[in-house]
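Input: a single structure, listed below in structure tokens.
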Amino acid sequence: MPPSATQANDTPSEVSAAVLAAAETLRDACSQLDFSAAVPWVYNPLDYAWSAHAEYLTRYANRECNVLFLGMNPGPWGMAQTGIPFGEIAAVKEFIGIDQPIQRPDPEHPKRPVEGFSCARSEVSGRRLWGLFAERFGTANKFFPEHFVTNYCPLVFMEESARNVTPDKLPVQLRQPLEAVCDTHLASLIDLLQPEWLVGVGAFAETCLKRVVQERVDLEPQVGRVLHPSPASPAANKDWAGTATRQLVQLGVWS
């Protein structure tokens with residue numbers, strides 16, 4: 001889709017500033033939603049890990065993006081700790097190059113403490129995803145000019161036991177207001193970055209991308225998906241990087 005005259009004159013710094021403002025709107029809108037009827041614990045990394053997330057957007061969100069990868073929501077040992085989508089700690093430090101002080105959510109579940117970049121746990125999904133990008137592109141400066149990674153929903157949901165609850169498992173009366181907020185943000189992000197490809201990391205993310213594109217006739221990117229790298233998926237535990245690479249090549253995203 002060709003950019004407008006105004007958009008074509010935007011500098012990367014102006015684009016990243018607009019993406020940052022959109023993230024602030026998403027952060028604040030999600031914080032106003034009440035999920036207590038279904039889940040007693042909700043973390044918003046865009047709040048307590050804002051400094052890291054803001055640096056990520058400022059450094060890497062730009063109009064040259066050709067491929068937008070979309071995940072579902074933060075994992076407990078990834079973005080919940082670092083504020084970065086699929087934010088496995090070693091990958092964020094060594095590949096993405098971000099290491100910011102992280103605050104604590106309030107209230108904080110005693111079984112799911114946020115230790116920031118001091119957390120000793122590793123997010124397998126993030127390790128696999130960013131590991132593939134690091135292996136293929138070598139450095140963040142070679143990956144990000146044409147790629148960007150984000151999550152559909154910025155919130156972490158937990159049962160009293162600390163068991164993770166994914167957004168698709170929320171009751172419909174709670175899920176619909178969340179979808180309205182997240183759909184609006186996703187459409188704004190697509191408007192700003194203008195990618196040619198939208199790639200869902202997993203089926204849920206692909207469904208969200210298709211819904212947003214179908215509802216907006218002015219959005220024209222192509223939509224596809226790759227296998228989610230979660231270790232909960234048996235298929236992902238058998239050479240996920242090779243499978244995802246083949247899927248991206250077959251789609252025409254990568255050569």
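Lettering and numbering for the structure tokens are positional, with chains as A, B, ... in the shown order, residues counted from 1 in each chain, and ligands counted from 1 in the shown order.
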
- [ ] Select from stretch 31-238 of chain A everything DSSP, run on the backbone, classes as strand (DSSP E or B), then give the selection as a list in words.
- [x] Trp41, Val42, Tyr43, Val67, Leu68, Phe69, Leu70, Gly71, His147, Phe148, Val149, Thr150, Asn151, Val156, Phe157, Met158, Asn164, Val165, Trp197, Leu198, Val199, Gly200, Val201, Gln222, Val223, Gly224, Arg225 and Val226 of chain A

Those residues you just picked out, can you put them in a file as a PDB file, in the first residue's frame with N, CA and C atoms?
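Printed below is again34.pdb as written:
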ATOM      1  N   TRP A  41      -5.216 -12.257  38.880  1.00  0.00           N
ATOM      2  CA  TRP A  41      -3.904 -11.625  38.754  1.00  0.00           C
ATOM      3  C   TRP A  41      -3.666 -11.197  37.308  1.00  0.00           C
ATOM      4  N   VAL A  42      -3.336  -9.925  37.144  1.00  0.00           N
ATOM      5  CA  VAL A  42      -3.051  -9.370  35.817  1.00  0.00           C
ATOM      6  C   VAL A  42      -1.810  -8.485  35.909  1.00  0.00           C
ATOM      7  N   TYR A  43      -0.826  -8.759  35.064  1.00  0.00           N
ATOM      8  CA  TYR A  43       0.373  -7.916  34.970  1.00  0.00           C
ATOM      9  C   TYR A  43       0.326  -7.119  33.667  1.00  0.00           C
ATOM     10  N   VAL A  67       8.195  -6.885   7.313  1.00  0.00           N
ATOM     11  CA  VAL A  67       7.514  -8.026   7.932  1.00  0.00           C
ATOM     12  C   VAL A  67       7.223  -7.705   9.391  1.00  0.00           C
ATOM     13  N   LEU A  68       5.957  -7.812   9.769  1.00  0.00           N
ATOM     14  CA  LEU A  68       5.561  -7.646  11.160  1.00  0.00           C
ATOM     15  C   LEU A  68       5.178  -9.003  11.725  1.00  0.00           C
ATOM     16  N   PHE A  69       5.945  -9.467  12.716  1.00  0.00           N
ATOM     17  CA  PHE A  69       5.636 -10.713  13.413  1.00  0.00           C
ATOM     18  C   PHE A  69       4.786 -10.391  14.637  1.00  0.00           C
ATOM     19  N   LEU A  70       3.703 -11.158  14.825  1.00  0.00           N
ATOM     20  CA  LEU A  70       2.777 -10.912  15.937  1.00  0.00           C
ATOM     21  C   LEU A  70       2.648 -12.144  16.810  1.00  0.00           C
ATOM     22  N   GLY A  71       2.909 -11.978  18.117  1.00  0.00           N
ATOM     23  CA  GLY A  71       2.662 -13.029  19.090  1.00  0.00           C
ATOM     24  C   GLY A  71       1.342 -12.796  19.803  1.00  0.00           C
ATOM     25  N   HIS A 147      12.194  -5.934   9.674  1.00  0.00           N
ATOM     26  CA  HIS A 147      11.335  -6.782  10.498  1.00  0.00           C
ATOM     27  C   HIS A 147      11.012  -6.078  11.815  1.00  0.00           C
ATOM     28  N   PHE A 148       9.856  -6.437  12.364  1.00  0.00           N
ATOM     29  CA  PHE A 148       9.509  -5.962  13.698  1.00  0.00           C
ATOM     30  C   PHE A 148       8.682  -7.040  14.380  1.00  0.00           C
ATOM     31  N   VAL A 149       8.822  -7.137  15.697  1.00  0.00           N
ATOM     32  CA  VAL A 149       8.130  -8.160  16.481  1.00  0.00           C
ATOM     33  C   VAL A 149       7.319  -7.480  17.568  1.00  0.00           C
ATOM     34  N   THR A 150       6.059  -7.863  17.683  1.00  0.00           N
ATOM     35  CA  THR A 150       5.213  -7.295  18.725  1.00  0.00           C
ATOM     36  C   THR A 150       4.243  -8.369  19.217  1.00  0.00           C
ATOM     37  N   ASN A 151       3.489  -8.056  20.251  1.00  0.00           N
ATOM     38  CA  ASN A 151       2.440  -8.940  20.752  1.00  0.00           C
ATOM     39  C   ASN A 151       1.080  -8.299  20.542  1.00  0.00           C
ATOM     40  N   VAL A 156      -0.484 -10.041  31.024  1.00  0.00           N
ATOM     41  CA  VAL A 156      -0.271 -11.399  31.532  1.00  0.00           C
ATOM     42  C   VAL A 156      -1.423 -11.725  32.470  1.00  0.00           C
ATOM     43  N   PHE A 157      -2.090 -12.852  32.252  1.00  0.00           N
ATOM     44  CA  PHE A 157      -3.215 -13.267  33.092  1.00  0.00           C
ATOM     45  C   PHE A 157      -2.842 -14.537  33.853  1.00  0.00           C
ATOM     46  N   MET A 158      -3.172 -14.568  35.156  1.00  0.00           N
ATOM     47  CA  MET A 158      -2.843 -15.732  35.979  1.00  0.00           C
ATOM     48  C   MET A 158      -4.000 -16.101  36.905  1.00  0.00           C
ATOM     49  N   ASN A 164      -0.813 -19.831  34.049  1.00  0.00           N
ATOM     50  CA  ASN A 164      -1.029 -18.838  33.000  1.00  0.00           C
ATOM     51  C   ASN A 164      -2.387 -19.021  32.331  1.00  0.00           C
ATOM     52  N   VAL A 165      -3.040 -17.913  32.019  1.00  0.00           N
ATOM     53  CA  VAL A 165      -4.297 -17.915  31.278  1.00  0.00           C
ATOM     54  C   VAL A 165      -4.084 -17.092  30.011  1.00  0.00           C
ATOM     55  N   TRP A 197       4.085  -7.741   4.825  1.00  0.00           N
ATOM     56  CA  TRP A 197       3.688  -9.038   5.363  1.00  0.00           C
ATOM     57  C   TRP A 197       3.334  -8.926   6.841  1.00  0.00           C
ATOM     58  N   LEU A 198       2.253  -9.587   7.229  1.00  0.00           N
ATOM     59  CA  LEU A 198       1.876  -9.757   8.632  1.00  0.00           C
ATOM     60  C   LEU A 198       1.946 -11.250   8.922  1.00  0.00           C
ATOM     61  N   VAL A 199       2.803 -11.627   9.858  1.00  0.00           N
ATOM     62  CA  VAL A 199       3.014 -13.049  10.147  1.00  0.00           C
ATOM     63  C   VAL A 199       2.618 -13.344  11.585  1.00  0.00           C
ATOM     64  N   GLY A 200       1.583 -14.138  11.756  1.00  0.00           N
ATOM     65  CA  GLY A 200       1.182 -14.561  13.083  1.00  0.00           C
ATOM     66  C   GLY A 200       2.093 -15.661  13.581  1.00  0.00           C
ATOM     67  N   VAL A 201       2.600 -15.498  14.789  1.00  0.00           N
ATOM     68  CA  VAL A 201       3.375 -16.564  15.422  1.00  0.00           C
ATOM     69  C   VAL A 201       2.368 -17.439  16.159  1.00  0.00           C
ATOM     70  N   GLN A 222      -0.212  -8.752   3.134  1.00  0.00           N
ATOM     71  CA  GLN A 222      -0.506 -10.175   3.080  1.00  0.00           C
ATOM     72  C   GLN A 222      -0.350 -10.776   4.483  1.00  0.00           C
ATOM     73  N   VAL A 223      -1.160 -11.787   4.770  1.00  0.00           N
ATOM     74  CA  VAL A 223      -1.183 -12.395   6.104  1.00  0.00           C
ATOM     75  C   VAL A 223      -0.784 -13.861   6.007  1.00  0.00           C
ATOM     76  N   GLY A 224       0.083 -14.290   6.901  1.00  0.00           N
ATOM     77  CA  GLY A 224       0.470 -15.693   6.990  1.00  0.00           C
ATOM     78  C   GLY A 224       0.785 -16.044   8.426  1.00  0.00           C
ATOM     79  N   ARG A 225       1.320 -17.246   8.625  1.00  0.00           N
ATOM     80  CA  ARG A 225       1.684 -17.636   9.983  1.00  0.00           C
ATOM     81  C   ARG A 225       2.818 -18.639   9.975  1.00  0.00           C
ATOM     82  N   VAL A 226       3.482 -18.729  11.117  1.00  0.00           N
ATOM     83  CA  VAL A 226       4.470 -19.770  11.360  1.00  0.00           C
ATOM     84  C   VAL A 226       4.059 -20.535  12.612  1.00  0.00           C
TER      85      VAL A 226
END

Task: For A:Gln100, the nearest of the candidates A:Gln173, A:Asn66, A:Asn73, A:Ser51, counting only C-alpha atoms - done: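 Counting only C-alpha atoms, the residue closest to A:Gln100 is A:Ser51.
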
Open item on the list: Can you pull out every residue from stretch 6-217 of chain A that DSSP, working from the backbone, puts in alpha helix (DSSP H), and format the result as a PyMOL selection string?
Closed with: chain A and resi 6-8+12-31+45-48+50-60+79-82+89-91+124-137+140-143+172-193+203-215

Open item on the list: Between A:Leu33, A:Ile96, A:Leu193, A:Leu46, which residue has the minimum interatomic distance to A:Phe133, considering only C-alpha atoms?
Closed with: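 Of all the options, A:Ile96 lies closest to A:Phe133.
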
TODO: Do a neighbour search on stretch 114-125 of chain A at 7 Å with only C-alpha atoms, toss out local chain neighbours closer than 5 positions, and write the hits as JSON, numbers by chain.
DONE: {"A": [77, 78, 81, 82, 86, 88, 89, 99, 102, 104, 229, 230, 231]}

Task: Interatomic distance, atom CA of A:Glu24 to atom CA of A:Leu132 (Å, one decimal) - done: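 Computed distance, atom CA of A:Glu24 to atom CA of A:Leu132, equals 29.3 Å.
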
Task: Minimum-distance residue to A:Ala203, chosen among A:Pro177, A:Met72, A:Phe143, A:Pro101 (using only C-alpha atoms) - done: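 The answer is A:Met72, which sits nearest to A:Ala203.
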
Open item on the list: Please report the interatomic distance between atom CA of A:Met79 and atom CA of A:Lys111 in Å with one decimal.
Closed with: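 Computed distance, atom CA of A:Met79 to atom CA of A:Lys111, equals 16.7 Å.
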
Open item on the list: I'd like the contact shell of A:Ala140 - 10 Å cut-off, only C-alpha atoms, skipping same-chain residues fewer than 5 positions apart - returned as a PyMOL selection string.
Closed with: chain A and resi 60+94-97+130+133-134+145+147

Open item on the list: Using Å and a single decimal, report how far atom CA of A:Val39 sits from atom CA of A:Val172.
Closed with: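 Atom-to-atom, atom CA of A:Val172 and atom CA of A:Val39 are spaced 13.1 Å apart.
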
Task: Closest of A:Leu227, A:Val212, A:Ala91, A:Ile190 to A:Glu135 - atom-to-atom distances counting only C-alpha atoms - done: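 The shortest atom-to-atom distance to A:Glu135 comes from A:Ala91.
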